[in-house]
$ cat start_20.cif   # mmCIF, C-alpha atoms
data_target
loop_
_atom_site.label_atom_id
_atom_site.label_comp_id
_atom_site.auth_asym_id
_atom_site.auth_seq_id
_atom_site.Cartn_x
_atom_site.Cartn_y
_atom_site.Cartn_z
CA MET E 165 100.04 118.76 64.72
CA ALA E 166 100.27 119.44 68.47
CA TRP E 167 100.21 115.89 69.80
CA TYR E 168 101.68 116.75 73.18
CA SER E 169 100.84 119.14 76.00
CA GLN E 170 103.62 121.37 77.32
CA THR E 171 106.49 119.09 78.29
CA TRP E 172 109.94 119.40 79.86
CA SER E 173 112.31 116.45 80.27
CA TRP E 174 115.60 116.13 82.11
CA PHE E 175 118.01 113.85 80.26
CA ASP E 176 121.79 113.57 80.05
CA GLY E 177 122.45 116.55 82.29
CA ALA E 178 120.07 119.11 80.79
CA TRP E 179 116.40 120.09 80.44
CA HIS E 180 114.80 119.68 77.01
CA GLU E 181 111.47 121.16 75.92
CA GLY E 182 108.93 119.22 73.90
CA ASN E 183 109.41 115.61 72.84
CA PRO E 184 113.13 115.10 72.10
CA GLY E 185 114.26 111.93 70.36
CA LEU E 186 116.00 109.85 73.02
CA VAL E 187 116.10 106.40 71.39
CA GLY E 188 117.00 105.07 67.96
CA PRO E 189 116.39 101.92 65.91
CA ARG E 190 119.18 100.07 67.74
CA SER E 191 117.98 101.09 71.21
CA HIS E 192 117.13 97.93 73.12
CA ALA E 193 113.97 99.45 74.60
CA LEU E 194 112.53 100.27 71.19
CA TRP E 195 112.46 96.69 69.94
CA GLN E 196 112.77 94.60 73.12
CA ALA E 197 110.61 96.71 75.49
CA SER E 198 113.21 97.06 78.25
CA SER E 199 111.61 100.11 79.83
CA VAL E 200 110.07 101.02 83.17
CA PHE E 201 108.42 104.19 84.40
CA ASP E 202 106.48 105.62 87.28
CA GLY E 203 103.88 108.33 87.59
CA GLY E 204 103.71 111.02 90.20
CA ARG E 205 101.50 114.08 90.31
CA TYR E 206 102.12 117.75 91.00
CA PHE E 207 99.05 119.93 91.54
CA ASP E 208 98.03 122.84 93.75
CA GLY E 209 101.67 123.23 94.76
CA VAL E 210 101.97 119.69 96.20
CA ALA E 211 103.42 116.38 95.01
CA PRO E 212 101.82 113.63 97.15
CA ASP E 213 103.97 110.54 97.78
CA LEU E 214 106.60 111.67 95.28
CA ALA E 215 109.29 109.89 97.29
CA ALA E 216 107.37 106.62 97.05
CA HIS E 217 107.05 106.95 93.26
CA ALA E 218 110.77 107.70 92.97
CA ALA E 219 111.65 104.67 95.07
CA ARG E 220 109.35 102.42 93.04
CA VAL E 221 110.81 103.35 89.66
CA ASN E 222 114.23 102.37 91.01
CA ARG E 223 112.86 99.02 92.19
CA SER E 224 111.20 98.51 88.81
CA ALA E 225 114.49 99.12 87.00
CA VAL E 226 116.26 96.43 89.00
CA ALA E 227 113.35 94.00 88.54
CA LEU E 228 113.65 94.37 84.76
CA GLY E 229 117.41 93.78 84.76
CA LEU E 230 118.38 97.44 84.47
CA LYS E 231 120.33 99.67 86.85
CA ALA E 232 118.89 102.42 89.02
CA THR E 233 121.37 105.11 88.03
CA VAL E 234 119.96 108.02 90.06
CA THR E 235 118.78 108.28 93.64
CA GLN E 236 115.31 108.85 94.99
CA ASP E 237 116.41 112.25 96.30
CA PHE E 238 117.76 113.20 92.86
CA ILE E 239 114.37 112.49 91.27
CA ILE E 240 112.62 114.62 93.90
CA GLU E 241 115.12 117.48 93.49
CA LYS E 242 114.81 117.51 89.69
CA THR E 243 111.02 117.34 89.86
CA HIS E 244 110.84 120.52 91.92
CA GLU E 245 113.36 122.13 89.57
CA GLY E 246 111.31 121.17 86.52
CA VAL E 247 108.02 122.39 88.01
CA LYS E 248 109.38 125.94 87.83
CA LYS E 249 109.44 125.73 84.03
CA PHE E 250 105.64 125.72 83.93
CA ALA E 251 103.18 128.50 84.73
CA PRO E 252 102.18 128.64 88.43
CA GLY E 253 99.20 126.42 89.14
CA THR E 254 99.80 124.03 86.22
CA ALA E 255 98.87 120.44 87.09
CA LEU E 256 101.58 118.04 85.97
CA TYR E 257 102.22 114.36 85.45
CA VAL E 258 105.67 113.40 86.76
CA LYS E 259 107.19 110.48 84.85
CA PRO E 260 110.65 109.17 85.79
CA MET E 261 111.76 106.36 83.51
CA TYR E 262 114.62 104.00 82.76
CA TRP E 263 115.34 101.97 79.65
CA GLY E 264 117.96 99.69 78.21
CA GLU E 265 120.00 101.26 75.39
CA ALA E 266 122.36 98.44 74.37
CA ASP E 267 121.90 94.72 73.79
CA GLY E 268 123.23 92.40 76.45
CA PRO E 269 123.91 88.66 76.29
CA SER E 270 121.74 86.83 73.75
CA THR E 271 120.44 90.22 72.50
CA ILE E 272 117.11 89.68 74.28
CA MET E 273 118.59 90.88 77.58
CA PRO E 274 119.52 94.56 77.91
CA ASP E 275 123.02 95.52 78.97
CA PRO E 276 122.41 96.95 82.48
CA ASP E 277 125.46 99.21 82.13
CA SER E 278 123.71 100.95 79.23
CA THR E 279 120.69 101.97 81.33
CA GLN E 280 119.40 105.44 80.50
CA PHE E 281 117.31 107.71 82.73
CA CYS E 282 114.87 110.50 81.90
CA LEU E 283 112.51 112.55 84.05
CA CYS E 284 109.56 113.84 82.02
CA LEU E 285 107.08 116.43 83.33
CA PHE E 286 104.06 117.34 81.24
CA GLU E 287 100.88 119.35 81.63
CA ALA E 288 97.94 117.13 82.60
CA PRO E 289 94.82 118.67 84.19
CA MET E 290 93.43 116.81 87.18
CA PRO E 291 90.20 114.94 86.25
CA GLN E 292 87.18 115.93 88.29
CA PRO E 293 84.71 113.34 89.65
CA THR E 294 81.68 115.09 88.15
CA ASN E 295 80.22 112.28 86.07
CA GLY E 296 82.18 109.18 87.02
CA PHE E 297 82.66 106.43 84.47
CA SER E 298 81.26 103.07 83.35
CA VAL E 299 82.81 99.58 83.49
CA THR E 300 82.19 96.11 82.18
CA GLN E 301 84.13 92.86 82.49
CA GLY E 302 87.50 92.94 80.76
CA ALA E 303 87.95 90.89 77.61
CA PHE E 304 91.50 89.87 78.58
CA ARG E 305 93.16 88.96 81.88
CA ARG E 306 96.08 90.13 83.95
CA PRO E 307 99.25 87.98 83.68
CA THR E 308 101.06 86.37 86.58
CA MET E 309 104.65 86.74 87.72
CA GLU E 310 105.45 83.50 85.86
CA THR E 311 104.43 85.04 82.52
CA MET E 312 105.27 88.75 82.77
CA PRO E 313 107.30 91.11 85.02
CA THR E 314 104.33 92.12 87.13
CA ASP E 315 106.66 93.15 89.97
CA ALA E 316 107.71 96.17 87.89
CA LYS E 317 105.86 99.12 86.41
CA ALA E 318 107.12 98.02 83.03
CA GLY E 319 106.08 99.42 79.69
CA CYS E 320 105.62 95.92 78.24
CA LEU E 321 102.59 95.35 80.50
CA TYR E 322 100.53 98.18 79.05
CA PRO E 323 99.62 96.93 75.55
CA ASN E 324 97.48 94.32 77.33
CA ASN E 325 95.72 97.13 79.22
CA ALA E 326 95.26 98.99 75.94
CA ARG E 327 93.49 96.09 74.25
CA ILE E 328 91.25 95.69 77.32
CA LEU E 329 90.31 99.37 77.01
CA ARG E 330 89.72 99.09 73.25
CA ALA E 331 87.32 96.19 73.78
CA ALA E 332 85.50 97.98 76.60
CA LYS E 333 85.09 101.17 74.58
CA ALA E 334 83.89 99.21 71.55
CA ALA E 335 81.19 97.74 73.81
CA GLY E 336 80.13 101.22 74.99
CA PHE E 337 82.00 101.45 78.30
CA ASP E 338 84.76 103.71 79.56
CA ASN E 339 86.84 101.03 81.30
CA ALA E 340 86.77 97.43 82.48
CA LEU E 341 87.25 95.31 85.57
CA VAL E 342 90.14 93.02 84.72
CA LEU E 343 90.28 89.48 86.08
CA ASP E 344 93.40 87.54 87.05
CA MET E 345 94.07 84.01 85.81
CA LEU E 346 91.97 82.54 88.65
CA GLY E 347 88.94 84.62 87.75
CA ASN E 348 89.22 87.11 90.60
CA VAL E 349 88.97 90.83 89.94
CA ALA E 350 92.45 92.40 89.96
CA GLU E 351 91.98 96.04 88.94
CA THR E 352 90.61 98.17 86.12
CA ALA E 353 92.65 98.63 82.97
CA THR E 354 94.04 101.87 84.41
CA SER E 355 93.71 101.84 88.21
CA ASN E 356 93.09 99.95 91.43
CA ILE E 357 89.50 99.19 92.34
CA PHE E 358 87.33 99.33 95.47
CA LEU E 359 83.75 98.47 96.35
CA ALA E 360 81.60 99.41 99.33
CA LYS E 361 78.93 97.13 100.72
CA ASP E 362 76.98 97.58 103.97
CA GLY E 363 79.44 100.12 105.35
CA VAL E 364 82.58 98.08 104.58
CA VAL E 365 85.11 98.92 101.86
CA ARG E 366 86.66 95.96 100.04
CA THR E 367 89.47 95.81 97.50
CA PRO E 368 91.35 92.97 95.77
CA ALA E 369 94.23 91.62 97.84
CA PRO E 370 97.60 92.07 96.10
CA ASN E 371 98.51 88.69 94.62
CA GLY E 372 101.30 89.54 92.21
CA THR E 373 99.07 90.10 89.18
CA PHE E 374 98.72 93.87 89.59
CA LEU E 375 100.64 96.71 91.17
CA ASN E 376 99.79 97.46 94.78
CA GLY E 377 99.37 101.11 93.90
CA ILE E 378 100.89 103.89 95.97
CA THR E 379 97.61 105.83 95.91
CA ARG E 380 95.77 102.59 96.71
CA GLN E 381 97.90 102.05 99.82
CA ARG E 382 97.41 105.67 100.84
CA VAL E 383 93.61 105.51 100.46
CA ILE E 384 93.42 102.27 102.47
CA GLY E 385 95.50 103.76 105.28
CA LEU E 386 93.50 106.99 105.38
CA LEU E 387 90.15 105.19 105.46
CA ARG E 388 91.29 102.88 108.25
CA GLN E 389 92.63 105.82 110.27
CA ASP E 390 89.19 107.38 109.85
CA GLY E 391 87.55 104.30 111.38
CA ILE E 392 86.20 102.86 108.14
CA PRO E 393 86.79 99.09 107.81
CA VAL E 394 88.76 98.12 104.70
CA GLU E 395 89.13 94.48 103.76
CA GLU E 396 91.75 93.25 101.24
CA MET E 397 90.40 89.98 99.87
CA SER E 398 89.63 87.90 96.80
CA LEU E 399 86.67 89.43 94.97
CA ARG E 400 84.66 88.08 92.08
CA TYR E 401 82.94 90.12 89.39
CA SER E 402 79.61 89.31 91.02
CA ASP E 403 80.74 91.11 94.19
CA PHE E 404 80.99 94.32 92.19
CA GLU E 405 77.62 93.69 90.54
CA GLN E 406 76.09 93.59 94.04
CA ALA E 407 78.03 96.54 95.50
CA ASP E 408 76.52 99.68 96.98
CA GLU E 409 79.37 101.74 95.54
CA ILE E 410 82.38 101.23 93.29
CA PHE E 411 85.31 103.63 93.08
CA ILE E 412 88.91 103.63 91.91
CA SER E 413 92.24 104.93 93.08
CA GLY E 414 95.11 105.82 90.83
CA ASN E 415 97.86 108.34 90.52
CA TYR E 416 96.47 110.09 87.46
CA SER E 417 93.04 110.97 88.86
CA LYS E 418 93.41 109.94 92.54
CA CYS E 419 89.86 108.86 93.55
CA MET E 420 87.01 108.63 91.05
CA PRO E 421 83.54 107.04 91.21
CA VAL E 422 82.22 104.28 88.98
CA THR E 423 78.66 105.23 88.06
CA ARG E 424 77.69 102.24 85.91
CA ILE E 425 78.62 98.57 85.82
CA ASP E 426 77.10 96.90 82.77
CA ASN E 427 73.42 97.94 82.89
CA MET E 428 73.35 98.89 86.59
CA THR E 429 73.59 102.58 87.49
CA LEU E 430 75.39 103.64 90.67
CA GLN E 431 75.62 106.95 92.49
CA PRO E 432 78.85 108.37 93.92
CA GLY E 433 78.38 107.33 97.54
CA PRO E 434 79.57 108.31 101.00
CA MET E 435 82.56 105.93 100.99
CA PHE E 436 83.87 107.34 97.73
CA ARG E 437 83.31 110.91 98.87
CA ARG E 438 85.09 110.26 102.16
CA ALA E 439 88.00 108.51 100.43
CA ARG E 440 88.49 111.44 98.05
CA GLU E 441 88.09 114.00 100.83
CA LEU E 442 90.63 112.23 103.03
CA TYR E 443 93.10 111.87 100.16
CA MET E 444 92.87 115.50 99.10
CA ASP E 445 93.22 116.65 102.70
CA PHE E 446 96.33 114.50 103.02
CA ALA E 447 97.71 115.79 99.73
CA HIS E 448 97.27 119.45 100.67
CA THR E 449 98.29 119.33 104.33
CA LYS E 450 100.51 116.32 105.03
CA ALA E 451 102.05 115.10 101.77
CA ALA E 452 105.80 115.28 101.30
#

$ encode --input "start_20.cif" --output "structure tokens"
Amino acid sequence: MAWYSQTWSWFDGAWHEGNPGLVGPRSHALWQASSVFDGGRYFDGVAPDLAAHAARVNRSAVALGLKATVTQDFIIEKTHEGVKKFAPGTALYVKPMYWGEADGPSTIMPDPDSTQFCLCLFEAPMPQPTNGFSVTQGAFRRPTMETMPTDAKAGCLYPNNARILRAAKAAGFDNALVLDMLGNVAETATSNIFLAKDGVVRTPAPNGTFLNGITRQRVIGLLRQDGIPVEEMSLRYSDFEQADEIFISGNYSKCMPVTRIDNMTLQPGPMFRRARELYMDFAHTKAA
């Protein structure tokens, strides 16, 4: 069964095609979840904010008690090398990752000197904002720094997102707006979230419960440079129920519209269209 799209991974000094076995039953990451990753994109011959993604995976490694064993520049160099293994024009997901291989003190902690690195590139078509998607309120909440390593893009955070998505899909929705422990909206289960109301764009203020996404920061900056007011603030679910528009930002699909929240239908609006237009213009003309 072909479970995976075309994939090339750099590991231990060489490129490997497909899905090579990199961990075993004694690997710390397999049973203690000591893994971090990041996600960049390569499409139309550009890799927007690749340097920022490379820098963040190194910060995530340190936050989880691992070592950043390669440099940001190395990740960028290998990404451009790996891109050449695919047919011209192939849209790719760029996934650098670190994990703990050996047990450290008390077994629960990974041995930082055993940190392994892999750069995985795989074919992933860019989603198009044709139909948008639907959301409801998430069945589970985002953790805080006191309960989970929310300062890292750590693999252990994502099973919570998965169960939020399962519950949303079981209720007939594509995704969900996830609340933090105080009842404020944090993000969706897969991306950062924005609303537009009366000509102003608003988005949850980073409070340590969700990643301040690289694409999120880019969209905010581009909108503000374009003269559109963007407010980072605490937002309740009711704010989204009363919004003129809702849209998301995320590395996988960049900017996408939300076209239904519970029973209320929304249209992709001018703020979403401008955000996507500005981002794609940046990606194709100014991104490094």

$ atom_distance --input "start_20.cif" --atom1 "CA of Gly246 (chain E)" --atom2 "CA of Phe281 (chain E)"
15.2 Å

$ resolve_selection --input "start_20.cif" --expression "the PyMOL selection byres ((chain E and resi 437) around 12)" --output "VMD selection string"
chain E and resid 293 to 294 360 383 387 409 to 412 418 to 422 431 to 436 438 to 444

$ residues_near_point --input "start_20.cif" --point "(85.7, 103.4, 107.3)" --cutoff "8 Å" --atoms "all atoms listed in the file" --output "ChimeraX atom specification"
/E:363-365,387-394,435

$ atom_distance --input "start_20.cif" --atom1 "CA of Phe446 (chain E)" --atom2 "CA of Pro252 (chain E)"
21.1 Å

$ closest_residue --input "start_20.cif" --among "E:Thr311, E:Thr300, E:Ser413, E:Ser169" --to "Ala334 (chain E)" --atoms "all atoms listed in the file"
E:Thr300

$ closest_residue --input "start_20.cif" --among "E:Arg305, E:Phe374, E:His192, E:Val258" --to "Val221 (chain E)" --atoms "only C-alpha atoms"
E:Val258
